[in-house]
Structure formats: C-alpha cells, structure tokens
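Okay, input_4.csv now, which holds CSV, C-alpha atoms:
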chain,number,residue,atom,x,y,z
P,1,MET,CA,0.5,3.4,25.3
P,2,ILE,CA,3.7,5.4,24.8
P,3,ALA,CA,5.3,4.0,28.0
P,4,ARG,CA,5.0,0.5,26.6
P,5,LEU,CA,6.6,1.3,23.3
P,6,PRO,CA,10.3,0.7,24.1
P,7,VAL,CA,9.6,-2.6,25.9
P,8,ILE,CA,7.5,-3.9,23.0
P,9,LEU,CA,10.0,-2.9,20.3
P,10,VAL,CA,13.0,-4.3,22.2
P,11,ALA,CA,11.1,-7.5,22.7
P,12,LEU,CA,10.4,-7.7,19.0
P,13,TYR,CA,14.1,-7.1,18.3
P,14,LEU,CA,15.1,-10.0,20.6
P,15,LEU,CA,12.5,-12.3,19.0
P,16,THR,CA,14.1,-12.3,15.5
P,17,ALA,CA,17.4,-12.9,13.9
P,18,CYS,CA,16.4,-11.8,10.4
P,19,SER,CA,17.9,-8.3,10.7
P,20,GLY,CA,20.9,-6.9,12.5
P,21,PRO,CA,20.8,-4.5,15.5
P,22,GLY,CA,21.4,-1.5,13.3
P,23,TYR,CA,18.2,-1.9,11.4
P,24,TYR,CA,16.1,-2.4,14.6
P,25,MET,CA,17.7,0.5,16.3
P,26,GLN,CA,16.6,2.9,13.5
P,27,ALA,CA,13.1,1.3,13.7
P,28,ILE,CA,12.9,1.8,17.4
P,29,SER,CA,14.2,5.3,17.2
P,30,GLY,CA,11.9,6.2,14.4
P,31,GLN,CA,8.8,4.8,16.0
P,32,TRP,CA,9.6,6.3,19.4
P,33,LYS,CA,10.2,9.7,17.8
P,34,LEU,CA,6.9,9.5,15.9
P,35,MET,CA,4.8,8.5,19.0
P,36,ARG,CA,6.4,11.2,21.1
P,37,SER,CA,5.6,13.9,18.5
P,38,ARG,CA,1.9,13.2,18.6
P,39,GLU,CA,-0.5,16.0,19.3
P,40,GLU,CA,-4.2,15.4,20.1
P,41,ILE,CA,-6.3,16.5,17.2
P,42,GLN,CA,-9.0,18.0,19.5
P,43,ALA,CA,-6.3,20.0,21.3
P,44,LEU,CA,-5.1,21.4,17.9
P,45,LEU,CA,-8.7,22.2,17.0
P,46,ASP,CA,-9.2,24.1,20.3
P,47,ASN,CA,-5.9,26.0,19.7
P,48,PRO,CA,-6.5,29.4,18.1
P,49,GLU,CA,-3.0,29.3,16.7
P,50,THR,CA,-3.7,26.3,14.5
P,51,SER,CA,-4.0,27.4,10.9
P,52,PRO,CA,-7.5,27.3,9.4
P,53,GLU,CA,-6.2,25.1,6.6
P,54,LEU,CA,-4.8,22.5,9.0
P,55,ALA,CA,-7.9,22.7,11.2
P,56,ALA,CA,-10.2,22.0,8.2
P,57,GLN,CA,-8.1,19.0,7.3
P,58,LEU,CA,-8.1,17.6,10.8
P,59,GLN,CA,-11.9,18.0,11.0
P,60,SER,CA,-12.2,16.2,7.7
P,61,ALA,CA,-10.0,13.4,8.9
P,62,SER,CA,-12.1,13.0,12.1
P,63,ARG,CA,-15.4,12.9,10.0
P,64,ILE,CA,-13.9,10.3,7.7
P,65,LYS,CA,-12.8,8.2,10.7
P,66,VAL,CA,-16.3,8.3,12.1
P,67,PHE,CA,-17.7,7.2,8.7
P,68,ALA,CA,-15.1,4.4,8.5
P,69,GLU,CA,-16.3,3.0,11.9
P,70,ALA,CA,-20.0,3.5,11.4
P,71,VAL,CA,-20.4,2.5,7.7
P,72,LEU,CA,-17.4,0.5,6.7
P,73,ASP,CA,-17.1,-1.5,10.0
P,74,LEU,CA,-13.4,-0.5,10.4
P,75,PRO,CA,-11.7,-0.2,13.8
P,76,GLY,CA,-12.7,2.8,15.9
P,77,ASP,CA,-10.0,2.7,18.5
P,78,GLY,CA,-7.5,5.5,19.3
P,79,SER,CA,-5.7,5.5,16.0
P,80,TYR,CA,-5.8,8.8,14.0
P,81,SER,CA,-7.0,10.8,17.0
P,82,SER,CA,-3.6,12.5,17.2
P,83,TYR,CA,-1.5,14.3,14.6
P,84,VAL,CA,2.2,14.5,13.7
P,85,GLU,CA,3.9,17.0,11.4
P,86,VAL,CA,6.4,14.8,9.6
P,87,GLY,CA,8.4,17.6,7.9
P,88,GLY,CA,8.8,15.8,4.5
P,89,SER,CA,7.0,14.0,1.7
P,90,ALA,CA,7.2,10.6,3.3
P,91,LEU,CA,7.4,8.9,6.7
P,92,VAL,CA,8.9,5.6,5.7
P,93,TRP,CA,11.0,4.5,2.7
P,94,ASN,CA,10.5,0.8,1.7
P,95,VAL,CA,13.2,-1.1,0.0
P,96,ILE,CA,12.1,-3.8,-2.5
P,97,ALA,CA,14.7,-6.1,-4.1
P,98,THR,CA,14.5,-9.0,-6.6
P,99,PRO,CA,17.2,-11.1,-8.4
P,100,GLU,CA,18.2,-9.7,-11.8
P,101,PHE,CA,16.3,-12.4,-13.6
P,102,SER,CA,13.3,-12.9,-11.4
P,103,LEU,CA,10.0,-11.1,-10.4
P,104,GLN,CA,10.0,-12.7,-6.9
P,105,ALA,CA,10.7,-10.0,-4.3
P,106,LYS,CA,13.2,-10.8,-1.5
P,107,GLN,CA,11.4,-11.5,1.7
P,108,TRP,CA,12.3,-10.0,5.1
P,109,CYS,CA,10.8,-11.6,8.2
P,110,PHE,CA,9.6,-9.9,11.4
P,111,PRO,CA,7.9,-11.4,14.4
P,112,VAL,CA,4.7,-9.4,14.2
P,113,ALA,CA,4.2,-8.8,10.5
P,114,GLY,CA,5.7,-12.1,9.4
P,115,CYS,CA,7.6,-12.2,6.1
P,116,VAL,CA,7.0,-9.3,3.8
P,117,PRO,CA,8.4,-8.3,0.4
P,118,TYR,CA,9.9,-5.0,1.6
P,119,ARG,CA,11.9,-3.5,4.4
P,120,GLY,CA,11.0,-0.1,5.8
P,121,TYR,CA,13.3,2.7,7.0
P,122,PHE,CA,12.4,5.9,8.8
P,123,ASP,CA,15.6,7.4,7.5
P,124,GLN,CA,15.8,7.9,3.7
P,125,HIS,CA,19.6,7.9,3.7
P,126,LYS,CA,19.6,4.5,5.5
P,127,ALA,CA,17.1,3.2,3.0
P,128,ASN,CA,19.3,4.3,0.1
P,129,ASP,CA,22.4,2.8,1.7
P,130,SER,CA,20.5,-0.5,2.1
P,131,ALA,CA,19.4,-0.3,-1.6
P,132,ASP,CA,23.0,0.4,-2.7
P,133,ARG,CA,24.3,-2.7,-0.8
P,134,LEU,CA,21.6,-4.9,-2.6
P,135,ARG,CA,22.5,-3.4,-6.0
P,136,ARG,CA,26.1,-4.3,-5.4
P,137,LYS,CA,25.0,-7.9,-5.1
P,138,GLY,CA,23.5,-7.7,-8.6
P,139,MET,CA,19.8,-7.3,-7.5
P,140,ASP,CA,17.1,-5.1,-9.0
P,141,VAL,CA,16.2,-2.6,-6.3
P,142,HIS,CA,13.5,0.0,-5.8
P,143,VAL,CA,13.0,2.5,-3.0
P,144,SER,CA,9.4,3.5,-2.5
P,145,PRO,CA,8.3,6.4,-0.2
P,146,ALA,CA,5.3,5.8,1.9
P,147,ALA,CA,3.0,8.6,3.2
P,148,ALA,CA,1.2,6.3,5.6
P,149,TYR,CA,1.7,3.0,7.4
P,150,SER,CA,0.0,0.8,10.0
P,151,SER,CA,1.3,-0.6,13.2
P,152,LEU,CA,-1.5,-3.3,12.8
P,153,GLY,CA,-3.2,-2.0,16.0
P,154,TRP,CA,-0.2,-2.4,18.2
P,155,PHE,CA,-0.1,1.4,18.7
P,156,GLU,CA,-2.4,4.3,18.3
P,157,ASP,CA,-1.2,5.4,14.9
P,158,PRO,CA,-1.3,9.2,14.4
P,159,LEU,CA,-2.6,11.1,11.4
P,160,LEU,CA,0.5,12.3,9.5
P,161,SER,CA,1.0,15.5,7.6
P,162,THR,CA,2.0,13.4,4.6
P,163,MET,CA,-1.5,12.0,4.5
P,164,LEU,CA,-2.9,15.6,4.1
P,165,SER,CA,-0.9,16.6,1.1
P,166,GLY,CA,-3.7,15.7,-1.4
P,167,SER,CA,-7.4,15.9,-1.6
P,168,ASP,CA,-9.8,14.7,1.1
P,169,THR,CA,-10.6,11.8,-1.3
P,170,ARG,CA,-6.9,10.8,-1.1
P,171,LEU,CA,-7.0,11.2,2.7
P,172,ALA,CA,-10.0,8.9,2.9
P,173,ALA,CA,-8.2,6.3,0.8
P,174,TYR,CA,-5.2,6.4,3.2
P,175,LEU,CA,-7.4,6.0,6.3
P,176,PHE,CA,-9.6,3.2,4.9
P,177,HIS,CA,-6.5,1.3,3.7
P,178,GLU,CA,-4.6,1.6,6.9
P,179,LEU,CA,-7.6,0.8,9.1
P,180,ALA,CA,-8.3,-2.2,7.0
P,181,HIS,CA,-4.9,-3.6,8.0
P,182,GLN,CA,-6.0,-3.3,11.6
P,183,ARG,CA,-9.3,-5.0,10.7
P,184,LEU,CA,-7.7,-8.1,9.1
P,185,TYR,CA,-4.1,-9.1,8.7
P,186,ILE,CA,-2.5,-12.5,7.9
P,187,LYS,CA,1.1,-12.8,9.2
P,188,GLY,CA,3.4,-13.3,6.3
P,189,ASP,CA,0.9,-13.0,3.4
P,190,GLY,CA,1.6,-9.6,1.9
P,191,ALA,CA,-0.4,-10.3,-1.3
P,192,PHE,CA,-3.6,-11.1,0.6
P,193,ASN,CA,-3.1,-8.2,3.1
P,194,GLU,CA,-2.5,-5.5,0.5
P,195,GLY,CA,-5.2,-6.9,-1.8
P,196,TYR,CA,-7.7,-6.8,1.0
P,197,ALA,CA,-6.7,-3.3,2.2
P,198,SER,CA,-6.7,-2.0,-1.4
P,199,PHE,CA,-10.1,-3.3,-2.1
P,200,VAL,CA,-11.5,-1.9,1.2
P,201,GLU,CA,-9.9,1.4,0.2
P,202,GLN,CA,-11.6,1.4,-3.2
P,203,ALA,CA,-15.0,0.2,-2.0
P,204,GLY,CA,-14.8,2.6,1.0
P,205,VAL,CA,-14.0,5.7,-1.1
P,206,LYS,CA,-16.9,4.8,-3.5
P,207,ILE,CA,-19.4,4.4,-0.7
P,208,TRP,CA,-18.1,7.6,1.1
P,209,LEU,CA,-18.4,9.8,-2.0
P,210,GLU,CA,-21.8,8.4,-3.0
P,211,SER,CA,-23.0,9.1,0.6
P,212,GLN,CA,-22.2,12.8,0.0
P,213,GLN,CA,-23.5,12.9,-3.5
P,214,ARG,CA,-20.1,14.1,-4.8
P,215,ASP,CA,-20.7,12.9,-8.3
P,216,SER,CA,-17.8,14.8,-9.9
P,217,ASP,CA,-15.3,13.6,-7.3
P,218,LEU,CA,-16.6,10.0,-7.7
P,219,LEU,CA,-16.2,10.3,-11.5
P,220,GLU,CA,-12.6,11.5,-11.1
P,221,TRP,CA,-11.9,8.7,-8.6
P,222,GLN,CA,-13.3,6.1,-11.0
P,223,GLN,CA,-11.2,7.5,-13.9
P,224,LEU,CA,-8.1,7.1,-11.7
P,225,ARG,CA,-9.2,3.5,-10.9
P,226,GLN,CA,-9.7,2.8,-14.6
P,227,ALA,CA,-6.2,4.2,-15.4
P,228,ARG,CA,-4.8,1.8,-12.8
P,229,ARG,CA,-6.5,-1.1,-14.4
P,230,ASP,CA,-5.1,0.0,-17.8
P,231,VAL,CA,-1.6,0.0,-16.4
P,232,ALA,CA,-2.2,-3.3,-14.5
P,233,ALA,CA,-3.1,-4.9,-17.9
P,234,LEU,CA,0.1,-3.6,-19.4
P,235,ILE,CA,2.2,-4.9,-16.5
P,236,ASP,CA,0.5,-8.3,-16.6
P,237,ASN,CA,1.7,-8.7,-20.2
P,238,ILE,CA,5.2,-7.5,-19.4
P,239,ARG,CA,5.4,-9.8,-16.4
P,240,ALA,CA,4.4,-12.7,-18.7
P,241,GLU,CA,7.1,-11.8,-21.2
P,242,LEU,CA,9.7,-11.4,-18.5
P,243,ASN,CA,8.8,-14.6,-16.8
P,244,ALA,CA,9.2,-16.5,-20.1
P,245,LEU,CA,12.5,-14.9,-20.7
P,246,TYR,CA,13.9,-15.6,-17.2
P,247,LEU,CA,12.9,-19.3,-17.5
P,248,SER,CA,14.6,-19.6,-20.8
P,249,SER,CA,18.0,-21.1,-21.4
P,250,HIS,CA,19.4,-18.0,-23.1
P,251,PRO,CA,22.8,-16.7,-21.9
P,252,GLU,CA,22.7,-14.0,-19.3
P,253,ALA,CA,23.9,-11.4,-21.8
P,254,THR,CA,21.0,-12.2,-24.0
P,255,LYS,CA,18.5,-12.1,-21.1
P,256,ARG,CA,19.9,-8.8,-20.0
P,257,LYS,CA,19.5,-7.2,-23.5
P,258,GLN,CA,16.0,-8.6,-24.0
P,259,LYS,CA,14.9,-7.6,-20.5
P,260,ALA,CA,15.9,-4.0,-21.2
P,261,GLU,CA,13.9,-4.1,-24.5
P,262,ILE,CA,10.8,-5.5,-22.7
P,263,LEU,CA,10.9,-2.9,-20.0
P,264,ASP,CA,11.3,-0.2,-22.6
P,265,SER,CA,8.2,-1.4,-24.4
P,266,LEU,CA,6.2,-0.9,-21.1
P,267,SER,CA,7.2,2.8,-21.1
P,268,ASN,CA,6.2,3.0,-24.8
P,269,SER,CA,2.9,1.4,-24.1
P,270,HIS,CA,2.3,3.9,-21.3
P,271,GLU,CA,2.9,6.8,-23.7
P,272,GLN,CA,0.3,5.3,-26.1
P,273,LEU,CA,-2.2,5.2,-23.3
P,274,VAL,CA,-1.5,8.8,-22.4
P,275,GLU,CA,-1.9,10.0,-26.0
P,276,GLY,CA,-4.8,7.8,-26.8
P,277,LYS,CA,-7.3,6.4,-24.2
P,278,TRP,CA,-6.3,8.9,-21.5
P,279,ALA,CA,-6.6,12.0,-23.8
P,280,GLY,CA,-3.3,13.5,-22.6
P,281,ASN,CA,-3.8,12.9,-18.9
P,282,ARG,CA,-0.7,11.5,-17.2
P,283,TYR,CA,-2.3,9.6,-14.3
P,284,PHE,CA,0.8,7.5,-13.7
P,285,ASN,CA,3.5,10.0,-14.6
P,286,SER,CA,5.2,9.8,-11.3
P,287,TRP,CA,5.3,6.0,-11.4
P,288,PHE,CA,7.0,6.1,-14.8
P,289,LYS,CA,9.2,9.0,-14.0
P,290,GLU,CA,12.0,6.6,-12.8
P,291,PRO,CA,13.2,3.5,-14.7
P,292,VAL,CA,11.1,0.4,-14.2
P,293,ASN,CA,12.8,-2.8,-13.1
P,294,ASN,CA,11.8,-6.1,-11.6
P,295,ALA,CA,11.6,-4.7,-8.0
P,296,LYS,CA,9.2,-2.0,-9.1
P,297,LEU,CA,7.0,-4.5,-10.9
P,298,ALA,CA,7.0,-6.8,-7.9
P,299,LEU,CA,5.8,-4.0,-5.6
P,300,PHE,CA,3.0,-3.0,-8.0
P,301,ASN,CA,1.9,-6.7,-8.1
P,302,THR,CA,1.9,-6.9,-4.3
P,303,TYR,CA,-0.9,-4.2,-4.1
P,304,GLN,CA,-3.0,-5.7,-6.9
P,305,GLY,CA,-4.5,-8.6,-4.9
P,306,SER,CA,-7.7,-10.0,-6.3
P,307,ASN,CA,-10.3,-7.3,-6.8
P,308,CYS,CA,-12.5,-10.0,-8.5
P,309,GLY,CA,-12.4,-12.4,-5.5
P,310,PHE,CA,-13.1,-9.6,-3.0
P,311,GLN,CA,-15.8,-8.2,-5.2
P,312,GLU,CA,-17.5,-11.6,-5.2
P,313,LEU,CA,-17.4,-11.4,-1.4
P,314,LEU,CA,-19.0,-8.0,-1.4
P,315,ASP,CA,-21.7,-9.1,-3.8
P,316,LYS,CA,-22.4,-12.1,-1.6
P,317,ALA,CA,-22.7,-9.7,1.4
P,318,ASP,CA,-25.2,-7.5,-0.6
P,319,GLY,CA,-22.9,-4.6,-0.1
P,320,ASN,CA,-22.8,-4.9,3.7
P,321,MET,CA,-19.3,-4.2,4.8
P,322,LYS,CA,-19.6,-6.0,8.2
P,323,GLU,CA,-20.6,-9.2,6.4
P,324,PHE,CA,-17.9,-8.6,3.8
P,325,HIS,CA,-15.2,-8.5,6.5
P,326,ARG,CA,-16.6,-11.7,8.0
P,327,LEU,CA,-16.4,-13.5,4.6
P,328,ALA,CA,-12.9,-12.2,4.0
P,329,GLY,CA,-12.0,-13.5,7.4
P,330,GLN,CA,-13.2,-16.9,6.4
P,331,VAL,CA,-11.0,-16.8,3.3
P,332,SER,CA,-8.0,-15.7,5.4
P,333,GLY,CA,-8.4,-19.0,7.3
P,334,LEU,CA,-7.7,-21.1,4.2
P,335,PRO,CA,-4.4,-22.9,4.0
P,336,GLY,CA,-1.8,-20.8,2.3
P,337,THR,CA,-1.9,-22.6,-1.1
P,338,ASP,CA,-5.7,-22.5,-1.2
P,339,ARG,CA,-5.7,-18.8,-0.3
P,340,GLU,CA,-3.1,-18.0,-3.0
P,341,LYS,CA,-5.3,-19.8,-5.5
P,342,TRP,CA,-8.3,-17.9,-4.4
P,343,LEU,CA,-6.4,-14.6,-4.6
P,344,ASN,CA,-5.3,-15.3,-8.2
P,345,GLN,CA,-8.6,-16.4,-9.5
P,346,PRO,CA,-9.6,-15.0,-12.9
P,347,CYS,CA,-12.3,-12.4,-13.2
P,348,MET,CA,-15.7,-13.5,-14.5
P,349,SER,CA,-16.0,-10.3,-16.5
P,350,GLN,CA,-13.8,-7.2,-17.2
P,351,GLU,CA,-16.5,-5.0,-15.8
P,352,ASN,CA,-16.2,-6.5,-12.4
P,353,HIS,CA,-12.7,-5.2,-11.5
P,354,ASP,CA,-13.8,-2.4,-9.2
P,355,PRO,CA,-16.2,-2.4,-6.2
P,356,GLU,CA,-19.9,-2.3,-7.1
P,357,VAL,CA,-22.0,-1.3,-4.1
Kindly present the structure from the file in structure tokens form.
Amino acid sequence: MIARLPVILVALYLLTACSGPGYYMQAISGQWKLMRSREEIQALLDNPETSPELAAQLQSASRIKVFAEAVLDLPGDGSYSSYVEVGGSALVWNVIATPEFSLQAKQWCFPVAGCVPYRGYFDQHKANDSADRLRRKGMDVHVSPAAAYSSLGWFEDPLLSTMLSGSDTRLAAYLFHELAHQRLYIKGDGAFNEGYASFVEQAGVKIWLESQQRDSDLLEWQQLRQARRDVAALIDNIRAELNALYLSSHPEATKRKQKAEILDSLSNSHEQLVEGKWAGNRYFNSWFKEPVNNAKLALFNTYQGSNCGFQELLDKADGNMKEFHRLAGQVSGLPGTDREKWLNQPCMSQENHDPEV
C-alpha cells in the first residue's frame, strides 16, 4: 500500500485546480511521512521495550476495532492495525472560513472528498499562515486541531498517539467515527457525512459500553451528550439571530456591532449553563476558551447532522447496525436537495435526540 502512495497523491494533485502546488506538496509530504512512520501494533505488543501503558492502550484499540466490525458492521480492513507516534496534540489542523456577515463556510474542492467546508494542513504553521491570509480578506476564520482523520479507505489508516490521549471511551468514539467514514461517504456532502459518522459514533459508544455493563462510564458519556445538546440549542438560537441580522439592510457598522453583541450573549448563556444546569461542570470549556465567530459556528453545525433522522433509521432497523447502514445508504442516494431536506428534518420529540438501542 505504501508503494502506491506517491502515485495516487500525485494523480490527485493533477486532477484538480482548486488549490495550488504548495498546498498539495504539504499534503503529499505529510501523508507520506505518516505512512512511513507506521509500526505494526502486534510487533509493538511483542516488543518488551513497549511501555505497559502504551501496550494496554493498543490492546484496547484492537479489541474496540474487533467490536466495531463484529457488532457495528464497520469496515474490518487493515486500518488501525498499525500505530504512529505523532509527537503533538493534533495530526491535522483544519482551516474554516466564512464571510464576515454569513454563516456559510467557504468550500474547498478535492477530487476524492469532493467539496468540503474546511482545508486540512499537516503543518500547524502553514494552517495559521493560510488563516491569516483569509483574515486579511475580511473573513471570519477558525483553525481547528484534529486528533484523527480518515483517508476514506484509500489507505490503511494508522492508530495515532493523539487518539490515545483520553479515556478508552474517547478512543472508541474516534475509531467508530472514522470507520463510519469508510463505511459510507458522499462526495461533496460534508453535512451528511459528518452527521452520519457522528451518529454512528454516539450509537456505537452506547452499544459498546452497554455490552461491558459499564454503567458509570455510560452515564458520564450520556451527560456529555446532553451537554452537547444544550450547547447546540444555544447555537441554534444564535444562528437564527445572526442570519436575521446578516439578511437585514442595516449598515455594515451596525451589523458588526450587533454581531459582536450576539456572540457575547452566547458566551453569557454558556456561563449560565455551567452555573445552573451543569452544576459547575465545564463540559465545553475548551470550545469557549477562544472567541466564537461565524467560522467556529459553521464548523459546529457541520458535525450536527440529523440525529433525529438517523435515529429513525436505527429504530426502523430495530437496533440492527447492518440494517441501519443499509437504510442510511438508501438516504445517501437521494438527490442533493432531498437529502438536505431529510437531514434538516425536525425532531418528533426532544427525548429522541440521542441513539436509543
């Protein structure tokens, strides 16, 4: 697989004119370096010099992958059978940009992934340079670090050290999400792709924790999911206010001032959640650590998808993940406008936002 890598990536570069050679060279270099750094997990487990902590994490990842294939009907190919020590907190930095008075993210187009609302860099400095250039054009910009990513089955993706930085529940979430991208992906439809993968992640973690009777971990996971729903509700209100403002005939100076006030209100509402419903827990502290702008809101919205629509599919499948994937595949075949309408369908009830299995 490694020997094919340069040929494939150069071919991808020649097939598109959406980005310059500098961007594709860093992508080729980063992917090539990543794949060359892979170490087989079994070899590491057989090596007495591998630390007990890393060995335990690798064993856990291997068990989770077996579960993903056997129970969740996710791909069981060569991905995540190797390991790479990244040497940092992220592998890729995604740049998201929107106009100053819009919540629509700029699209970047690639021959395999299609058009997506972000642009990834293996080098953080290059990502920051790109972000600065976009800011100078008057755009709202956000740089988001990513601990994991998927090559959509083109390569045998390795397990990354960045994926091991949290609990095994977080590791399972990473693996289920990225394997879901290999299971089903629609070129150019980021909202559907991320909505589907996020739902598979949520449902998968729930099924996995229940199978091990880890009630306390499941409760903690569900509390985190509820916190995300709480923040999503706040953001939905903010997006509605901002959209109304951006469509108004107010002068730009007025829009700029009111935009700042609306975004400040989001931070204030978050603090109210922390002090009230969340009883002092700062579940989203890292997200609110940096100022919120259009680009950050656009990225959050990309990963929301339609839990309600996907939940209906899972209910129709009686909790059977293989049948769920088949039904999701049928939805993926809808024309773009019909698929978007399906994705944005309202929930029948507020209790039906998270996977019920």
Please provide as number ranges by chain all residues within 10 Å of P:Gln31, with the sequence filter that same-chain residues fewer than 2 positions apart are discarded (counting all atoms listed in the file). P: 5-6, 9, 25-29, 33-37, 122, 151, 155
Rank P:Gln213, P:Gln59, P:Ser286, P:Ser248 by their smallest atom-to-atom distance to P:Leu159, using only C-alpha atoms, and report the top residue only. P:Gln59
Which residues of stretch 32-98 of chain P sit at most 10 Å from stretch 171-177 of chain P, using all atoms listed in the file? Give each one's shortest atom pair and distance in Å (one decimal place), in chain and ascending residue order, as JSON lines.
{"residue": "P:Gln57", "atom": "CA", "partner": "P:Leu171", "partner_atom": "CA", "distance": 9.1}
{"residue": "P:Ser60", "atom": "CA", "partner": "P:Leu171", "partner_atom": "CA", "distance": 8.8}
{"residue": "P:Ala61", "atom": "CA", "partner": "P:Leu171", "partner_atom": "CA", "distance": 7.2}
{"residue": "P:Arg63", "atom": "CA", "partner": "P:Ala172", "partner_atom": "CA", "distance": 9.8}
{"residue": "P:Ile64", "atom": "CA", "partner": "P:Ala172", "partner_atom": "CA", "distance": 6.3}
{"residue": "P:Lys65", "atom": "CA", "partner": "P:Leu175", "partner_atom": "CA", "distance": 7.3}
{"residue": "P:Phe67", "atom": "CA", "partner": "P:Ala172", "partner_atom": "CA", "distance": 9.8}
{"residue": "P:Ala68", "atom": "CA", "partner": "P:Phe176", "partner_atom": "CA", "distance": 6.7}
{"residue": "P:Glu69", "atom": "CA", "partner": "P:Phe176", "partner_atom": "CA", "distance": 9.7}
{"residue": "P:Leu72", "atom": "CA", "partner": "P:Phe176", "partner_atom": "CA", "distance": 8.4}
{"residue": "P:Leu74", "atom": "CA", "partner": "P:Phe176", "partner_atom": "CA", "distance": 7.6}
{"residue": "P:Pro75", "atom": "CA", "partner": "P:Phe176", "partner_atom": "CA", "distance": 9.8}
{"residue": "P:Ser79", "atom": "CA", "partner": "P:Leu175", "partner_atom": "CA", "distance": 9.9}
{"residue": "P:Tyr80", "atom": "CA", "partner": "P:Leu175", "partner_atom": "CA", "distance": 8.3}
Please list as a PDB file with C-alpha atoms, in the coordinates of the input every residue within 7 Å of P:Val143, counting all atoms listed in the file and excluding residues in the same chain fewer than 5 positions away.
ATOM      1  CA  TRP P  93      11.000   4.500   2.700  1.00  0.00           C
ATOM      2  CA  ASN P  94      10.500   0.800   1.700  1.00  0.00           C
ATOM      3  CA  VAL P  95      13.200  -1.100   0.000  1.00  0.00           C
ATOM      4  CA  ILE P  96      12.100  -3.800  -2.500  1.00  0.00           C
TER       5      ILE P  96
END
Point (20.4, 4.9, 4.5) neighbourhood (12 Å, all atoms listed in the file) written as a CSV table (one decimal) with C-alpha atoms, in the frame of the given file:
chain,number,residue,atom,x,y,z
P,22,GLY,CA,21.4,-1.5,13.3
P,23,TYR,CA,18.2,-1.9,11.4
P,26,GLN,CA,16.6,2.9,13.5
P,92,VAL,CA,8.9,5.6,5.7
P,93,TRP,CA,11.0,4.5,2.7
P,94,ASN,CA,10.5,0.8,1.7
P,95,VAL,CA,13.2,-1.1,0.0
P,119,ARG,CA,11.9,-3.5,4.4
P,120,GLY,CA,11.0,-0.1,5.8
P,121,TYR,CA,13.3,2.7,7.0
P,122,PHE,CA,12.4,5.9,8.8
P,123,ASP,CA,15.6,7.4,7.5
P,124,GLN,CA,15.8,7.9,3.7
P,125,HIS,CA,19.6,7.9,3.7
P,126,LYS,CA,19.6,4.5,5.5
P,127,ALA,CA,17.1,3.2,3.0
P,128,ASN,CA,19.3,4.3,0.1
P,129,ASP,CA,22.4,2.8,1.7
P,130,SER,CA,20.5,-0.5,2.1
P,131,ALA,CA,19.4,-0.3,-1.6
P,132,ASP,CA,23.0,0.4,-2.7
P,133,ARG,CA,24.3,-2.7,-0.8
P,143,VAL,CA,13.0,2.5,-3.0
Can you tell me, as a ChimeraX atom specification, what residues are no more than 9 Å from stretch 195-207 of chain P when counting all atoms listed in the file, ignoring any on the same chain fewer than 3 positions away? /P:68,71-72,169-170,172-181,184-185,190-192,210-212,218,221-222,225,302-307,310-311,321,328,343,354-357
Have a look at atom CA of P:Gln226 and atom CA of P:Lys316 and let me know their distance in Å, one decimal.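 Atom CA of P:Gln226 sits 23.5 Å away from atom CA of P:Lys316.
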Select, from P:Leu266, P:Leu313, P:Ala279, P:Ala240, the residue with the minimum atom-to-atom distance to P:Gln223, counting only C-alpha atoms.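 Closest residue, counting only C-alpha atoms: P:Ala279.
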Using all atoms listed in the file, which of P:Gly188, P:Val66, P:Asn294, P:Leu160 sits nearest P:Phe110?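 Closest residue, counting all atoms listed in the file: P:Gly188.
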Interatomic distance, atom CA of P:Val231 to atom CA of P:Gly276 (Å, one decimal):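 So the answer is 13.4 Å.
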Which of these residues is nearest to P:Ala253, using all atoms listed in the file: P:Pro291, P:Trp108, P:Gly153, P:Glu100?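 Once distances to P:Ala253 are computed over all atoms listed in the file, the minimum belongs to P:Glu100.
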Pick out the closest residue to P:Leu299 from this set: P:Asp140, P:Asp315, P:Glu49, P:Asp264. Count only C-alpha atoms.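 Smallest separation from P:Leu299 among the options: P:Asp140.
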Atomic distance atom CA of P:Arg326 - atom CA of P:Gly78, expressed in Å with one decimal: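 Separation of atom CA of P:Arg326 and atom CA of P:Gly78: 22.5 Å.
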Could you check which of P:Lys322, P:His270, P:Lys137, P:Arg282 is closest to P:Leu224, using all atoms listed in the file?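 That would be P:Arg282, the residue with the smallest distance to P:Leu224.
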Could you list, as a VMD selection string, every residue within 9 Å of P:Tyr83, counting all atoms listed in the file and ignoring same-chain residues fewer than 4 positions away? chain P and resid 37 to 41 44 58 157 to 161
Residues at most 9 Å from P:Ile262, counting only C-alpha atoms, excluding those fewer than 3 positions away in the same chain, as a list in words?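 The residues that qualify are Ile238, Glu241, Leu242, Lys257, Gln258, Lys259, Ser265 and Leu266 of chain P.
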Since the input has fewer atoms than a full residue there, write stretch 172-183 of chain P out with N, CA and C atoms, as an mmCIF file, keeping the file's coordinate frame.
data_model
loop_
_atom_site.group_PDB
_atom_site.id
_atom_site.type_symbol
_atom_site.label_atom_id
_atom_site.label_comp_id
_atom_site.auth_asym_id
_atom_site.auth_seq_id
_atom_site.Cartn_x
_atom_site.Cartn_y
_atom_site.Cartn_z
ATOM 1 N N ALA P 172 -9.118 10.029 2.597
ATOM 2 C CA ALA P 172 -10.000 8.900 2.900
ATOM 3 C C ALA P 172 -9.451 7.598 2.481
ATOM 4 N N ALA P 173 -8.833 7.577 1.301
ATOM 5 C CA ALA P 173 -8.200 6.300 0.800
ATOM 6 C C ALA P 173 -7.135 5.859 1.747
ATOM 7 N N TYR P 174 -6.280 6.778 2.208
ATOM 8 C CA TYR P 174 -5.200 6.400 3.200
ATOM 9 C C TYR P 174 -5.835 5.797 4.426
ATOM 10 N N LEU P 175 -6.829 6.479 4.983
ATOM 11 C CA LEU P 175 -7.400 6.000 6.300
ATOM 12 C C LEU P 175 -8.101 4.687 6.107
ATOM 13 N N PHE P 176 -8.880 4.514 5.055
ATOM 14 C CA PHE P 176 -9.600 3.200 4.900
ATOM 15 C C PHE P 176 -8.588 2.107 4.670
ATOM 16 N N HIS P 177 -7.528 2.367 3.918
ATOM 17 C CA HIS P 177 -6.500 1.300 3.700
ATOM 18 C C HIS P 177 -5.818 0.906 4.943
ATOM 19 N N GLU P 178 -5.349 1.892 5.707
ATOM 20 C CA GLU P 178 -4.600 1.600 6.900
ATOM 21 C C GLU P 178 -5.462 0.967 8.004
ATOM 22 N N LEU P 179 -6.689 1.434 8.128
ATOM 23 C CA LEU P 179 -7.600 0.800 9.100
ATOM 24 C C LEU P 179 -7.978 -0.588 8.718
ATOM 25 N N ALA P 180 -8.015 -0.854 7.413
ATOM 26 C CA ALA P 180 -8.300 -2.200 7.000
ATOM 27 C C ALA P 180 -7.200 -3.176 7.434
ATOM 28 N N HIS P 181 -5.955 -2.712 7.458
ATOM 29 C CA HIS P 181 -4.900 -3.600 8.000
ATOM 30 C C HIS P 181 -5.086 -3.908 9.419
ATOM 31 N N GLN P 182 -5.663 -2.966 10.187
ATOM 32 C CA GLN P 182 -6.000 -3.300 11.600
ATOM 33 C C GLN P 182 -7.146 -4.244 11.687
ATOM 34 N N ARG P 183 -8.043 -4.177 10.717
ATOM 35 C CA ARG P 183 -9.300 -5.000 10.700
ATOM 36 C C ARG P 183 -8.927 -6.484 10.444
#
